[in-house]
$ cat work34.cif   # mmCIF, C-alpha atoms
data_target
#
loop_
_atom_site.label_atom_id
_atom_site.label_comp_id
_atom_site.auth_asym_id
_atom_site.auth_seq_id
_atom_site.Cartn_x
_atom_site.Cartn_y
_atom_site.Cartn_z
CA MET A 27 33.08 134.31 135.32
CA ALA A 28 32.48 134.96 138.99
CA GLU A 29 31.38 138.57 138.42
CA ALA A 30 29.11 137.51 135.57
CA SER A 31 27.29 134.89 137.56
CA GLN A 32 26.81 137.04 140.64
CA PRO A 33 24.00 139.36 139.49
CA ALA A 34 22.16 136.43 137.91
CA ALA A 35 22.30 134.52 141.18
CA GLY A 36 21.15 137.60 143.06
CA ALA A 37 18.15 138.07 140.75
CA LYS A 38 17.22 134.43 141.22
CA THR A 39 17.35 134.61 145.00
CA ALA A 40 15.09 137.67 145.04
CA ALA A 41 12.43 135.84 143.05
CA ASP A 42 12.63 132.62 145.03
CA PRO A 43 10.01 132.56 147.79
CA PHE A 44 11.84 129.86 149.71
CA ASN A 45 14.93 131.96 149.94
CA ARG A 46 13.91 134.04 152.94
CA GLN A 47 16.56 135.39 155.23
CA GLU A 48 15.96 134.13 158.68
CA THR A 49 16.08 136.57 161.55
CA LEU A 50 18.27 135.47 164.38
CA THR A 51 16.28 134.15 167.34
CA ALA A 52 16.91 131.76 170.21
CA ASP A 53 15.02 129.22 168.16
CA THR A 54 17.72 129.27 165.47
CA PHE A 55 20.00 127.72 168.07
CA LEU A 56 17.58 125.59 170.06
CA ARG A 57 15.97 123.88 167.08
CA GLY A 58 19.01 121.72 166.45
CA LEU A 59 19.25 120.68 170.09
CA TRP A 60 15.78 119.27 170.45
CA GLU A 61 12.99 119.93 167.95
CA GLU A 62 15.04 119.06 164.86
CA ASN A 63 17.67 116.99 166.60
CA PRO A 64 19.65 115.48 163.71
CA VAL A 65 19.89 112.02 165.27
CA PHE A 66 16.74 111.42 167.26
CA VAL A 67 14.29 113.31 165.08
CA MET A 68 15.74 113.45 161.57
CA LEU A 69 17.69 110.17 161.72
CA LEU A 70 20.68 111.64 159.88
CA GLY A 71 24.32 110.73 160.21
CA MET A 72 23.56 107.30 161.58
CA CYS A 73 26.90 105.68 160.76
CA PRO A 74 29.14 107.59 163.18
CA VAL A 75 26.29 107.60 165.71
CA LEU A 76 26.38 103.84 165.88
CA ALA A 77 30.03 103.20 165.19
CA VAL A 78 31.96 105.43 167.57
CA THR A 79 29.63 105.49 170.56
CA ASN A 80 31.14 102.53 172.39
CA SER A 81 32.49 104.92 175.01
CA ALA A 82 31.52 108.36 176.26
CA ILE A 83 34.86 109.97 175.39
CA ASN A 84 34.81 108.70 171.79
CA ALA A 85 31.28 110.02 171.44
CA LEU A 86 32.26 113.46 172.71
CA GLY A 87 35.35 113.62 170.50
CA MET A 88 33.37 112.67 167.42
CA GLY A 89 30.59 115.13 168.27
CA LEU A 90 32.97 118.04 168.72
CA ALA A 91 34.90 117.20 165.55
CA THR A 92 31.64 117.12 163.59
CA THR A 93 30.55 120.41 165.16
CA PHE A 94 33.78 122.05 164.05
CA VAL A 95 33.37 120.84 160.47
CA LEU A 96 29.74 121.93 160.53
CA LEU A 97 30.69 125.44 161.66
CA GLY A 98 33.64 125.82 159.31
CA SER A 99 31.94 124.53 156.20
CA GLY A 100 28.73 126.39 157.04
CA ALA A 101 30.62 129.66 157.35
CA LEU A 102 32.45 129.20 154.06
CA VAL A 103 29.35 128.07 152.17
CA SER A 104 27.39 131.01 153.56
CA LEU A 105 30.10 133.52 152.61
CA LEU A 106 30.49 132.08 149.11
CA ARG A 107 26.79 131.55 148.48
CA HIS A 108 26.58 134.19 145.72
CA TRP A 109 29.68 132.96 143.95
CA ILE A 110 28.97 129.23 143.75
CA PRO A 111 27.05 128.44 140.54
CA LYS A 112 23.91 126.41 141.20
CA GLN A 113 24.86 123.54 138.87
CA VAL A 114 28.06 122.60 140.67
CA ARG A 115 27.01 123.52 144.19
CA ILE A 116 26.98 119.99 145.65
CA ALA A 117 30.47 119.29 144.35
CA SER A 118 31.68 122.63 145.72
CA TYR A 119 30.15 121.92 149.13
CA ILE A 120 31.77 118.50 149.24
CA VAL A 121 35.19 119.96 148.47
CA ILE A 122 34.72 122.61 151.19
CA ILE A 123 33.64 119.97 153.69
CA ALA A 124 36.50 117.66 152.74
CA THR A 125 38.95 120.49 153.34
CA PHE A 126 37.72 121.05 156.89
CA VAL A 127 37.65 117.32 157.58
CA THR A 128 41.28 117.05 156.51
CA VAL A 129 42.07 119.86 158.98
CA VAL A 130 40.24 118.04 161.80
CA ASP A 131 41.87 114.75 160.87
CA TYR A 132 45.38 116.17 161.13
CA ALA A 133 44.47 118.16 164.28
CA ILE A 134 43.16 115.12 166.18
CA HIS A 135 46.15 113.11 165.03
CA ALA A 136 48.40 115.79 166.58
CA ILE A 137 46.40 116.30 169.80
CA SER A 138 45.51 112.78 170.90
CA LEU A 139 46.93 109.71 169.26
CA GLU A 140 44.71 107.54 171.46
CA LEU A 141 41.49 109.20 170.33
CA TYR A 142 42.71 109.14 166.73
CA ALA A 143 43.28 105.41 166.91
CA SER A 144 39.92 104.64 168.48
CA LEU A 145 37.91 106.83 166.09
CA GLY A 146 39.81 105.41 163.14
CA ALA A 147 38.45 105.98 159.68
CA PHE A 148 35.36 107.63 161.08
CA ILE A 149 37.08 111.01 161.34
CA GLN A 150 37.63 111.04 157.60
CA LEU A 151 34.16 109.70 157.07
CA ILE A 152 32.75 112.95 158.51
CA VAL A 153 32.90 114.06 154.87
CA VAL A 154 29.94 111.89 154.01
CA ASN A 155 27.92 112.71 157.12
CA CYS A 156 24.55 113.72 155.71
CA ILE A 157 24.01 116.28 158.48
CA ILE A 158 26.78 118.50 157.20
CA LEU A 159 25.88 118.39 153.52
CA GLY A 160 22.23 118.73 154.48
CA ARG A 161 22.91 121.88 156.49
CA ALA A 162 25.05 123.32 153.70
CA GLU A 163 22.36 122.71 151.11
CA ALA A 164 19.26 123.53 153.15
CA TYR A 165 20.50 126.33 155.37
CA ALA A 166 23.96 127.80 154.80
CA SER A 167 23.47 128.20 151.04
CA ASN A 168 20.84 130.92 151.50
CA GLN A 169 21.45 132.46 154.90
CA ARG A 170 23.78 135.12 156.21
CA LEU A 171 26.88 134.22 158.16
CA LEU A 172 25.64 134.75 161.72
CA PRO A 173 22.43 132.68 161.58
CA THR A 174 24.38 129.94 159.82
CA LEU A 175 26.95 129.82 162.60
CA VAL A 176 24.32 129.86 165.35
CA ASN A 177 22.21 127.21 163.64
CA GLY A 178 25.29 125.09 162.92
CA LEU A 179 26.34 125.31 166.55
CA GLY A 180 22.88 124.19 167.67
CA MET A 181 22.87 121.27 165.24
CA GLY A 182 26.41 120.30 166.19
CA LEU A 183 25.63 120.36 169.89
CA GLY A 184 22.41 118.43 169.28
CA PHE A 185 24.47 115.82 167.44
CA THR A 186 27.05 115.75 170.24
CA LEU A 187 24.30 115.39 172.84
CA ALA A 188 22.79 112.46 170.97
CA LEU A 189 26.18 110.78 170.55
CA PHE A 190 26.92 111.30 174.21
CA SER A 191 23.59 109.89 175.36
CA LEU A 192 24.34 106.77 173.36
CA GLY A 193 28.00 106.53 174.28
CA ALA A 194 27.36 106.98 178.01
CA VAL A 195 24.65 104.32 178.14
CA ARG A 196 26.73 101.87 176.16
CA GLU A 197 29.85 102.45 178.23
CA ILE A 198 27.99 102.15 181.55
CA LEU A 199 26.17 98.97 180.57
CA GLY A 200 28.89 97.36 178.54
CA ASN A 201 31.91 98.20 180.60
CA GLY A 202 30.64 99.47 183.94
CA THR A 203 32.57 102.71 183.54
CA LEU A 204 31.97 106.32 182.55
CA PHE A 205 34.89 108.27 181.07
CA GLY A 206 37.01 105.33 182.22
CA MET A 207 35.96 105.67 185.88
CA GLN A 208 34.70 102.52 187.57
CA LEU A 209 31.05 103.02 188.57
CA PHE A 210 30.13 99.73 190.15
CA GLY A 211 31.81 97.31 192.54
CA ASP A 212 33.76 94.24 191.52
CA SER A 213 30.63 92.13 191.42
CA PHE A 214 29.41 93.97 188.27
CA GLN A 215 29.19 91.74 185.26
CA PRO A 216 29.74 93.88 182.15
CA TRP A 217 27.00 93.50 179.55
CA LEU A 218 29.53 93.02 176.84
CA VAL A 219 27.18 93.04 173.88
CA MET A 220 26.43 96.73 174.52
CA ILE A 221 29.88 97.88 173.43
CA LEU A 222 29.86 95.52 170.47
CA PRO A 223 28.11 96.49 167.20
CA PRO A 224 24.62 95.09 168.04
CA GLY A 225 24.54 97.21 171.19
CA GLY A 226 24.63 100.36 169.10
CA PHE A 227 21.48 99.35 167.25
CA PHE A 228 19.76 98.26 170.45
CA VAL A 229 20.53 101.40 172.46
CA LEU A 230 19.55 103.77 169.66
CA GLY A 231 16.38 101.73 169.12
CA ALA A 232 15.62 101.96 172.82
CA TRP A 233 16.10 105.75 172.87
CA LEU A 234 13.79 106.10 169.87
CA LEU A 235 11.21 103.90 171.58
CA LEU A 236 11.40 106.07 174.68
CA PHE A 237 10.91 109.27 172.68
CA ALA A 238 8.06 107.76 170.67
CA TRP A 239 6.39 106.67 173.92
CA LEU A 240 6.78 110.12 175.51
CA LYS A 241 5.38 111.76 172.39
CA GLN A 242 2.42 109.40 172.27
CA ARG A 243 1.68 110.00 175.96
CA ARG A 244 1.81 113.77 175.51
CA GLU A 245 -0.51 113.61 172.50
CA ARG A 246 -3.00 111.51 174.46
CA ARG A 247 -2.92 113.99 177.33
CA LEU A 248 -3.47 116.92 174.97
CA LEU A 249 -6.33 115.06 173.37
CA ALA A 250 -7.85 114.27 176.76
CA ALA A 251 -7.43 117.89 177.85
CA ALA A 252 -9.10 119.11 174.65
CA GLY A 253 -11.93 116.65 175.19
CA ALA A 254 -12.39 117.78 178.78
CA ALA A 255 -12.39 121.43 177.69
CA ALA A 256 -15.02 120.71 175.04
CA HIS A 257 -17.25 119.00 177.59
CA GLY A 258 -16.73 121.51 180.37
CA MET B 25 47.86 91.56 158.06
CA ALA B 26 50.69 90.65 155.79
CA ASN B 27 49.25 89.27 152.60
CA PRO B 28 45.87 87.60 152.95
CA SER B 29 44.66 85.38 150.14
CA LEU B 30 41.92 86.58 147.81
CA PRO B 31 39.07 84.32 149.04
CA LEU B 32 39.87 85.39 152.59
CA ILE B 33 39.60 89.05 151.65
CA PHE B 34 36.27 88.39 150.00
CA LEU B 35 34.91 86.50 153.00
CA ASP B 36 36.22 89.09 155.39
CA ALA B 37 34.55 91.99 153.56
CA ALA B 38 31.28 90.18 152.84
CA VAL B 39 30.53 88.35 156.06
CA VAL B 40 33.00 88.60 158.93
CA ASN B 41 33.44 92.34 158.85
CA ASN B 42 30.18 93.06 157.05
CA PHE B 43 30.21 96.72 156.11
CA VAL B 44 26.71 97.39 157.37
CA LEU B 45 26.26 95.12 160.35
CA ALA B 46 29.75 95.03 161.82
CA LEU B 47 31.40 98.27 160.69
CA PHE B 48 28.31 100.50 160.63
CA LEU B 49 28.93 101.88 157.17
CA GLY B 50 26.10 102.82 154.87
CA ILE B 51 23.40 102.79 157.52
CA CYS B 52 21.32 105.51 155.84
CA PRO B 53 20.53 103.58 152.61
CA PHE B 54 20.33 100.42 154.71
CA LEU B 55 17.46 101.88 156.71
CA GLY B 56 16.04 103.86 153.81
CA THR B 57 15.81 101.34 150.99
CA SER B 58 15.25 98.08 152.83
CA ALA B 59 11.46 98.26 152.96
CA LYS B 60 10.97 96.14 149.82
CA LYS B 61 13.08 93.27 148.53
CA GLU B 62 13.11 94.49 144.94
CA THR B 63 14.30 98.00 145.78
CA ALA B 64 16.84 96.49 148.13
CA LEU B 65 18.26 94.25 145.40
CA ASN B 66 18.52 97.11 142.89
CA MET B 67 20.07 99.43 145.44
CA GLY B 68 22.53 96.72 146.38
CA LEU B 69 23.51 96.20 142.74
CA ALA B 70 23.95 99.92 142.07
CA THR B 71 26.01 100.37 145.22
CA SER B 72 28.17 97.35 144.44
CA PHE B 73 28.87 98.70 140.99
CA VAL B 74 29.88 102.11 142.35
CA MET B 75 32.03 100.34 144.92
CA VAL B 76 33.97 98.42 142.28
CA VAL B 77 34.44 101.46 140.01
CA SER B 78 35.48 103.80 142.80
CA SER B 79 37.69 101.23 144.47
CA LEU B 80 39.69 100.70 141.28
CA SER B 81 39.92 104.43 140.55
CA ALA B 82 40.87 105.11 144.16
CA TYR B 83 43.67 102.59 143.84
CA GLY B 84 45.03 104.39 140.79
CA VAL B 85 44.68 107.86 142.24
CA ASN B 86 46.26 106.83 145.52
CA TRP B 87 49.27 105.48 143.64
CA LEU B 88 49.55 108.80 141.80
CA LEU B 89 49.23 110.84 145.00
CA VAL B 90 51.90 108.80 146.76
CA GLU B 91 54.21 109.25 143.76
CA LEU B 92 53.66 113.02 143.88
CA GLU B 93 53.79 113.13 147.70
CA LEU B 94 50.38 114.78 147.91
CA GLU B 95 48.80 112.40 150.41
CA PHE B 96 46.95 115.19 152.21
CA LEU B 97 44.74 115.58 149.13
CA ARG B 98 43.64 111.95 149.38
CA LEU B 99 40.27 112.58 150.97
CA ILE B 100 39.26 115.29 148.50
CA CYS B 101 40.34 113.17 145.52
CA PHE B 102 38.49 110.10 146.77
CA ILE B 103 35.26 111.95 147.23
CA ALA B 104 35.57 113.49 143.77
CA ILE B 105 36.09 110.04 142.25
CA ILE B 106 33.06 108.65 144.04
CA ALA B 107 30.88 111.56 142.97
CA SER B 108 31.89 111.00 139.33
CA ALA B 109 31.28 107.26 139.56
CA VAL B 110 27.82 107.87 140.97
CA GLN B 111 27.09 110.34 138.19
CA LEU B 112 28.11 107.67 135.69
CA VAL B 113 25.81 105.09 137.23
CA GLU B 114 22.99 107.59 137.38
CA MET B 115 23.25 108.40 133.66
CA PHE B 116 23.53 104.71 132.82
CA VAL B 117 20.48 103.71 134.87
CA LYS B 118 18.42 106.63 133.59
CA LYS B 119 19.16 105.69 130.01
CA TYR B 120 18.67 101.91 130.21
CA SER B 121 16.08 101.49 132.92
CA PRO B 122 13.89 104.52 133.63
CA ALA B 123 11.64 102.41 135.89
CA LEU B 124 14.56 101.47 138.09
CA PHE B 125 15.67 105.10 138.06
CA ARG B 126 12.31 106.16 139.47
CA SER B 127 12.14 103.42 142.07
CA LEU B 128 15.54 104.28 143.49
CA GLY B 129 14.69 107.98 143.52
CA ILE B 130 16.74 110.23 145.77
CA PHE B 131 18.79 107.29 147.05
CA LEU B 132 20.66 107.00 143.77
CA PRO B 133 22.49 110.36 143.95
CA LEU B 134 22.82 109.80 147.70
CA ILE B 135 25.15 106.86 147.00
CA THR B 136 27.79 109.61 146.87
CA THR B 137 27.36 110.18 150.57
CA ASN B 138 27.20 106.48 151.35
CA CYS B 139 30.02 106.10 153.80
CA ALA B 140 30.47 102.44 152.85
CA ILE B 141 32.03 103.55 149.57
CA LEU B 142 34.38 106.15 150.98
CA GLY B 143 35.12 103.74 153.81
CA LEU B 144 36.03 101.06 151.31
CA ALA B 145 38.45 103.38 149.52
CA LEU B 146 40.03 104.45 152.82
CA PHE B 147 40.29 100.91 154.23
CA GLN B 148 41.90 99.45 151.14
CA THR B 149 44.45 102.25 151.25
CA ALA B 150 45.09 101.69 154.96
CA LYS B 151 45.46 97.94 154.43
CA GLU B 152 47.79 98.55 151.46
CA TYR B 153 45.98 96.15 149.15
CA ASP B 154 47.31 95.72 145.64
CA PHE B 155 45.15 96.06 142.53
CA LEU B 156 43.67 92.56 142.52
CA GLN B 157 43.13 92.55 146.27
CA SER B 158 41.31 95.88 146.02
CA LEU B 159 39.03 94.50 143.35
CA VAL B 160 38.16 91.44 145.43
CA TYR B 161 37.71 93.60 148.52
CA ALA B 162 35.26 95.84 146.65
CA LEU B 163 33.34 92.84 145.32
CA GLY B 164 33.15 91.37 148.81
CA ALA B 165 31.99 94.64 150.32
CA GLY B 166 29.33 95.01 147.64
CA THR B 167 28.11 91.46 148.18
CA GLY B 168 28.02 92.02 151.91
CA PHE B 169 26.06 95.24 151.52
CA MET B 170 23.56 93.54 149.25
CA LEU B 171 23.27 90.58 151.61
CA ALA B 172 22.52 92.81 154.59
CA LEU B 173 20.01 94.84 152.58
CA MET B 174 18.20 91.75 151.29
CA LEU B 175 18.03 90.09 154.71
CA MET B 176 16.68 93.26 156.23
CA ALA B 177 14.12 93.74 153.45
CA GLY B 178 12.91 90.16 153.89
CA LEU B 179 12.49 90.68 157.62
CA ARG B 180 10.71 93.97 157.17
CA GLU B 181 8.28 92.55 154.59
CA LYS B 182 7.33 89.83 157.10
CA LEU B 183 7.04 92.40 159.86
CA GLU B 184 4.45 94.29 157.84
CA LEU B 185 2.07 91.44 158.61
CA ALA B 186 2.77 91.38 162.32
CA ARG B 187 0.77 93.35 164.81
CA LEU B 188 3.05 95.77 166.59
CA PRO B 189 2.20 98.24 169.32
CA THR B 190 1.91 101.63 167.62
CA VAL B 191 4.68 103.10 169.73
CA SER B 192 7.29 100.75 168.28
CA GLN B 193 6.39 101.17 164.61
CA GLY B 194 8.89 102.79 162.31
CA ALA B 195 12.53 103.55 162.95
CA ALA B 196 12.76 102.08 166.45
CA MET B 197 11.63 98.62 165.35
CA THR B 198 13.90 98.71 162.30
CA LEU B 199 16.89 99.46 164.51
CA MET B 200 16.02 96.63 166.89
CA LEU B 201 15.82 94.28 163.90
CA ALA B 202 19.16 95.51 162.64
CA GLY B 203 20.57 94.85 166.10
CA LEU B 204 19.37 91.24 165.99
CA LEU B 205 20.85 90.78 162.50
CA SER B 206 24.10 92.27 163.69
CA LEU B 207 24.08 89.89 166.65
CA ALA B 208 23.65 87.01 164.23
CA PHE B 209 26.56 88.21 162.10
CA MET B 210 28.75 88.36 165.19
CA GLY B 211 28.70 84.59 165.05
CA PHE B 212 31.07 84.85 162.09
CA ALA B 213 33.67 86.77 164.08
CA GLY B 214 36.98 85.02 164.09
CA LEU B 215 36.22 83.18 160.87
CA GLY B 216 39.23 83.49 158.61
CA GLY B 217 41.75 84.43 161.28
CA SER B 218 42.47 87.78 162.85
CA HIS B 219 41.59 91.00 161.15
CA GLY B 220 42.62 94.61 161.32
#
$ encode --input "work34.cif" --output "structure tokens"
Amino acid sequence: MAEASQPAAGAKTAADPFNRQETLTADTFLRGLWEENPVFVMLLGMCPVLAVTNSAINALGMGLATTFVLLGSGALVSLLRHWIPKQVRIASYIVIIATFVTVVDYAIHAISLELYASLGAFIQLIVVNCIILGRAEAYASNQRLLPTLVNGLGMGLGFTLALFSLGAVREILGNGTLFGMQLFGDSFQPWLVMILPPGGFFVLGAWLLLFAWLKQRRERRLLAAAGAAAHG
Amino acid sequence: MANPSLPLIFLDAAVVNNFVLALFLGICPFLGTSAKKETALNMGLATSFVMVVSSLSAYGVNWLLVELELEFLRLICFIAIIASAVQLVEMFVKKYSPALFRSLGIFLPLITTNCAILGLALFQTAKEYDFLQSLVYALGAGTGFMLALMLMAGLREKLELARLPTVSQGAAMTLMLAGLLSLAFMGFAGLGGSHG
């Protein structure tokens, strides 16, 4: 079965114009960090982004766990890309992802019981994080191993960065601490709502507003510069 | 929680610990399909149906896995169940209501990766609910999801008419709205005793 389907899959990939092999560049890595940042730009994987970012350490733990699953599942999907029949590919990807998530789940349980308790069900819910399935489907399924790993690492770190930027803000505002260290004096009144669920929505909304504002300002400047150049 | 009564479970899942606004599950379809009330209602119904089917199947499979001492396969089995349930709904909707099928579009197969459903299966296992409790829990979660979606869609339809600064249009404003809704739902916290 596997041998029979392999040449057919190979013939199909050769004819498919979208199936280009990407050459490895710095951009393969950097794209995920900024330009295609999964959280701030593509708005993927929102649930863990909002749910576990009530402290900086939770955010980092979640980000790294997701990165590991992203790398592991990406590698396996990339290596098996000629053997997985097209019709059942999504199901196969999900099973691969679920396997790695189970590994992470048991690993975190063994390493830090505290982190495991505070992340709760969200470790297991990495399975349904759209970023991972999206990467498997859109990237790993037609790229070689090395670009997949590099791209996955970039995406994972971009995700971690976004989680951290939310978690840090929420912990500082809501609790007056960062990584559990007291930042302000005793007179600080914690802004409690920030570590509660609504705070997640507010802080992410505020980050998006900031980025939209920066983008708008840059576009205006470019437009003004173009106008000036045309006149000069 | 020892053995909460059925109405309490329903209330807890639907309002107090609303899956979307308090537990942050299923945010993607919540943001994606809440632009119009009609789509929101249909999406809510489809999701609720998948929730009930997968919750009941998850209960059965979990019992089997515990009997066979194969608990480490739980996650993989749950996700397989959910994928099949979604496939079932998809075929059903396509056959009986092609218009609805088109209006839901990509979000219908994406119910598979709706974390509210996997979350539901995992929570009911963690809370050790029996068959009837699981059913009520799934119904409550579905109602809560639909409620959040409908409220959000109503707000967003009104917002269409408001004049917003261009910078805040789109995702940022939607998230701020969701934050306000979530703040409102926090008022229910504590209703029906302690949870967790």
$ residues_around --input "work34.cif" --residues "Val117 in chain B" --least-positions-apart "2" --cutoff "12 Å" --atoms "all atoms listed in the file" --output "list of chain:residue names"
B:Asn66, B:Met67, B:Leu69, B:Ala70, B:Phe73, B:Val110, B:Gln111, B:Leu112, B:Val113, B:Glu114, B:Met115, B:Lys119, B:Tyr120, B:Ser121, B:Pro122, B:Ala123, B:Leu124, B:Phe125, B:Arg126, B:Ser127, B:Leu128, B:Gly129, B:Leu132, B:Pro133
$ interface_residues --input "work34.cif" --of "chain A" --to "chain B" --cutoff "6 Å" --atoms "all atoms listed in the file" --output "list in words"
Cys73, Ala77, Ala124, Val154, Pro223, Pro224, Phe227, Phe228, Gly231, Leu234, Leu235, Ala238 and Trp239 of chain A
$ closest_residue --input "work34.cif" --among "A:Ala85, A:Leu209, A:Val103, A:Ala136" --to "Ala117 in chain A" --atoms "all atoms listed in the file"
A:Val103
$ closest_residue --input "work34.cif" --among "A:Gly178, A:Gly87, A:Pro74, A:Gly211" --to "Gly100 in chain A" --atoms "only C-alpha atoms"
A:Gly178
$ residues_near_point --input "work34.cif" --point "(41.6, 102.5, 141.6)" --cutoff "10 Å" --atoms "all atoms listed in the file" --output "PDB file with C-alpha atoms, in the frame of the given file"
ATOM      1  CA  VAL B  76      33.970  98.420 142.280  1.00  0.00           C
ATOM      2  CA  VAL B  77      34.440 101.460 140.010  1.00  0.00           C
ATOM      3  CA  SER B  78      35.480 103.800 142.800  1.00  0.00           C
ATOM      4  CA  SER B  79      37.690 101.230 144.470  1.00  0.00           C
ATOM      5  CA  LEU B  80      39.690 100.700 141.280  1.00  0.00           C
ATOM      6  CA  SER B  81      39.920 104.430 140.550  1.00  0.00           C
ATOM      7  CA  ALA B  82      40.870 105.110 144.160  1.00  0.00           C
ATOM      8  CA  TYR B  83      43.670 102.590 143.840  1.00  0.00           C
ATOM      9  CA  GLY B  84      45.030 104.390 140.790  1.00  0.00           C
ATOM     10  CA  VAL B  85      44.680 107.860 142.240  1.00  0.00           C
ATOM     11  CA  ASN B  86      46.260 106.830 145.520  1.00  0.00           C
ATOM     12  CA  TRP B  87      49.270 105.480 143.640  1.00  0.00           C
ATOM     13  CA  PHE B 102      38.490 110.100 146.770  1.00  0.00           C
ATOM     14  CA  ILE B 105      36.090 110.040 142.250  1.00  0.00           C
ATOM     15  CA  ALA B 145      38.450 103.380 149.520  1.00  0.00           C
ATOM     16  CA  ASP B 154      47.310  95.720 145.640  1.00  0.00           C
ATOM     17  CA  PHE B 155      45.150  96.060 142.530  1.00  0.00           C
ATOM     18  CA  SER B 158      41.310  95.880 146.020  1.00  0.00           C
ATOM     19  CA  LEU B 159      39.030  94.500 143.350  1.00  0.00           C
TER      20      LEU B 159
END
$ resolve_selection --input "work34.cif" --expression "the PyMOL selection byres ((chain A and resi 168) around 7)" --output "PyMOL selection string"
chain A and resi 45+104+107+165-167+169-170
$ atom_distance --input "work34.cif" --atom1 "CA of Glu91 in chain B" --atom2 "CA of Leu163 in chain B"
26.6 Å
$ atom_distance --input "work34.cif" --atom1 "CA of Phe210 in chain A" --atom2 "CA of Glu140 in chain A"
25.0 Å
$ resolve_selection --input "work34.cif" --expression "the PyMOL selection byres ((chain B and resi 183) around 12)" --output "list in words"
Ala59, Lys60, Met176, Ala177, Gly178, Leu179, Arg180, Glu181, Lys182, Glu184, Leu185, Ala186, Arg187, Leu188, Ser192, Gln193, Gly194, Met197, Thr198 and Leu201 of chain B
$ atom_distance --input "work34.cif" --atom1 "CA of Thr128 in chain A" --atom2 "CA of Val78 in chain A"
18.6 Å
$ resolve_selection --input "work34.cif" --expression "the PyMOL selection byres ((chain A and resi 162) around 12)" --output "MDAnalysis selection string"
chainID A and resid 95:107 115:123 155:161 163:169 171 174:175 177:178 181
$ closest_residue --input "work34.cif" --among "B:Leu35, B:Val90, B:Ala165, B:Ile106" --to "Gly68 in chain B" --atoms "only C-alpha atoms"
B:Ala165
$ residues_around --input "work34.cif" --residues "Val75 in chain A" --least-positions-apart "3" --cutoff "8 Å" --atoms "all atoms listed in the file" --output "ChimeraX atom specification"
/A:65,71-72,78-79,85,188-189,192
$ write_last_selection --input "work34.cif" --atoms "C-alpha atoms" --output "PDB file, in the coordinates of the input"
ATOM      1  CA  VAL A  65      19.890 112.020 165.270  1.00  0.00           C
ATOM      2  CA  GLY A  71      24.320 110.730 160.210  1.00  0.00           C
ATOM      3  CA  MET A  72      23.560 107.300 161.580  1.00  0.00           C
ATOM      4  CA  VAL A  78      31.960 105.430 167.570  1.00  0.00           C
ATOM      5  CA  THR A  79      29.630 105.490 170.560  1.00  0.00           C
ATOM      6  CA  ALA A  85      31.280 110.020 171.440  1.00  0.00           C
ATOM      7  CA  ALA A 188      22.790 112.460 170.970  1.00  0.00           C
ATOM      8  CA  LEU A 189      26.180 110.780 170.550  1.00  0.00           C
ATOM      9  CA  LEU A 192      24.340 106.770 173.360  1.00  0.00           C
TER      10      LEU A 192
END
$ closest_residue --input "work34.cif" --among "B:Pro28, B:Pro53, B:Pro189, B:Gly214" --to "Phe169 in chain B" --atoms "only C-alpha atoms"
B:Pro53
$ decode --input "work34.cif" --residues "range 165-175 of chain B" --atoms "N, CA and C atoms" --output "tab-separated table (two decimals), in the first residue's frame"
chain	number	residue	atom	x	y	z
B	165	ALA	N	-22.69	23.45	28.20
B	165	ALA	CA	-21.57	24.06	27.49
B	165	ALA	C	-22.02	24.56	26.12
B	166	GLY	N	-22.84	23.75	25.44
B	166	GLY	CA	-23.33	24.16	24.13
B	166	GLY	C	-24.19	25.41	24.22
B	167	THR	N	-25.08	25.43	25.23
B	167	THR	CA	-25.93	26.61	25.42
B	167	THR	C	-25.06	27.83	25.70
B	168	GLY	N	-24.08	27.66	26.55
B	168	GLY	CA	-23.20	28.77	26.90
B	168	GLY	C	-22.46	29.30	25.70
B	169	PHE	N	-21.98	28.36	24.86
B	169	PHE	CA	-21.24	28.77	23.65
B	169	PHE	C	-22.15	29.57	22.74
B	170	MET	N	-23.38	29.07	22.58
B	170	MET	CA	-24.33	29.73	21.69
B	170	MET	C	-24.69	31.11	22.24
B	171	LEU	N	-24.87	31.18	23.56
B	171	LEU	CA	-25.21	32.44	24.21
B	171	LEU	C	-24.11	33.48	23.95
B	172	ALA	N	-22.87	33.08	24.17
B	172	ALA	CA	-21.76	34.01	23.99
B	172	ALA	C	-21.69	34.47	22.53
B	173	LEU	N	-21.88	33.52	21.62
B	173	LEU	CA	-21.80	33.83	20.19
B	173	LEU	C	-22.90	34.80	19.78
B	174	MET	N	-24.13	34.55	20.29
B	174	MET	CA	-25.25	35.40	19.92
B	174	MET	C	-25.08	36.81	20.48
B	175	LEU	N	-24.66	36.90	21.75
B	175	LEU	CA	-24.46	38.21	22.36
B	175	LEU	C	-23.44	39.01	21.56
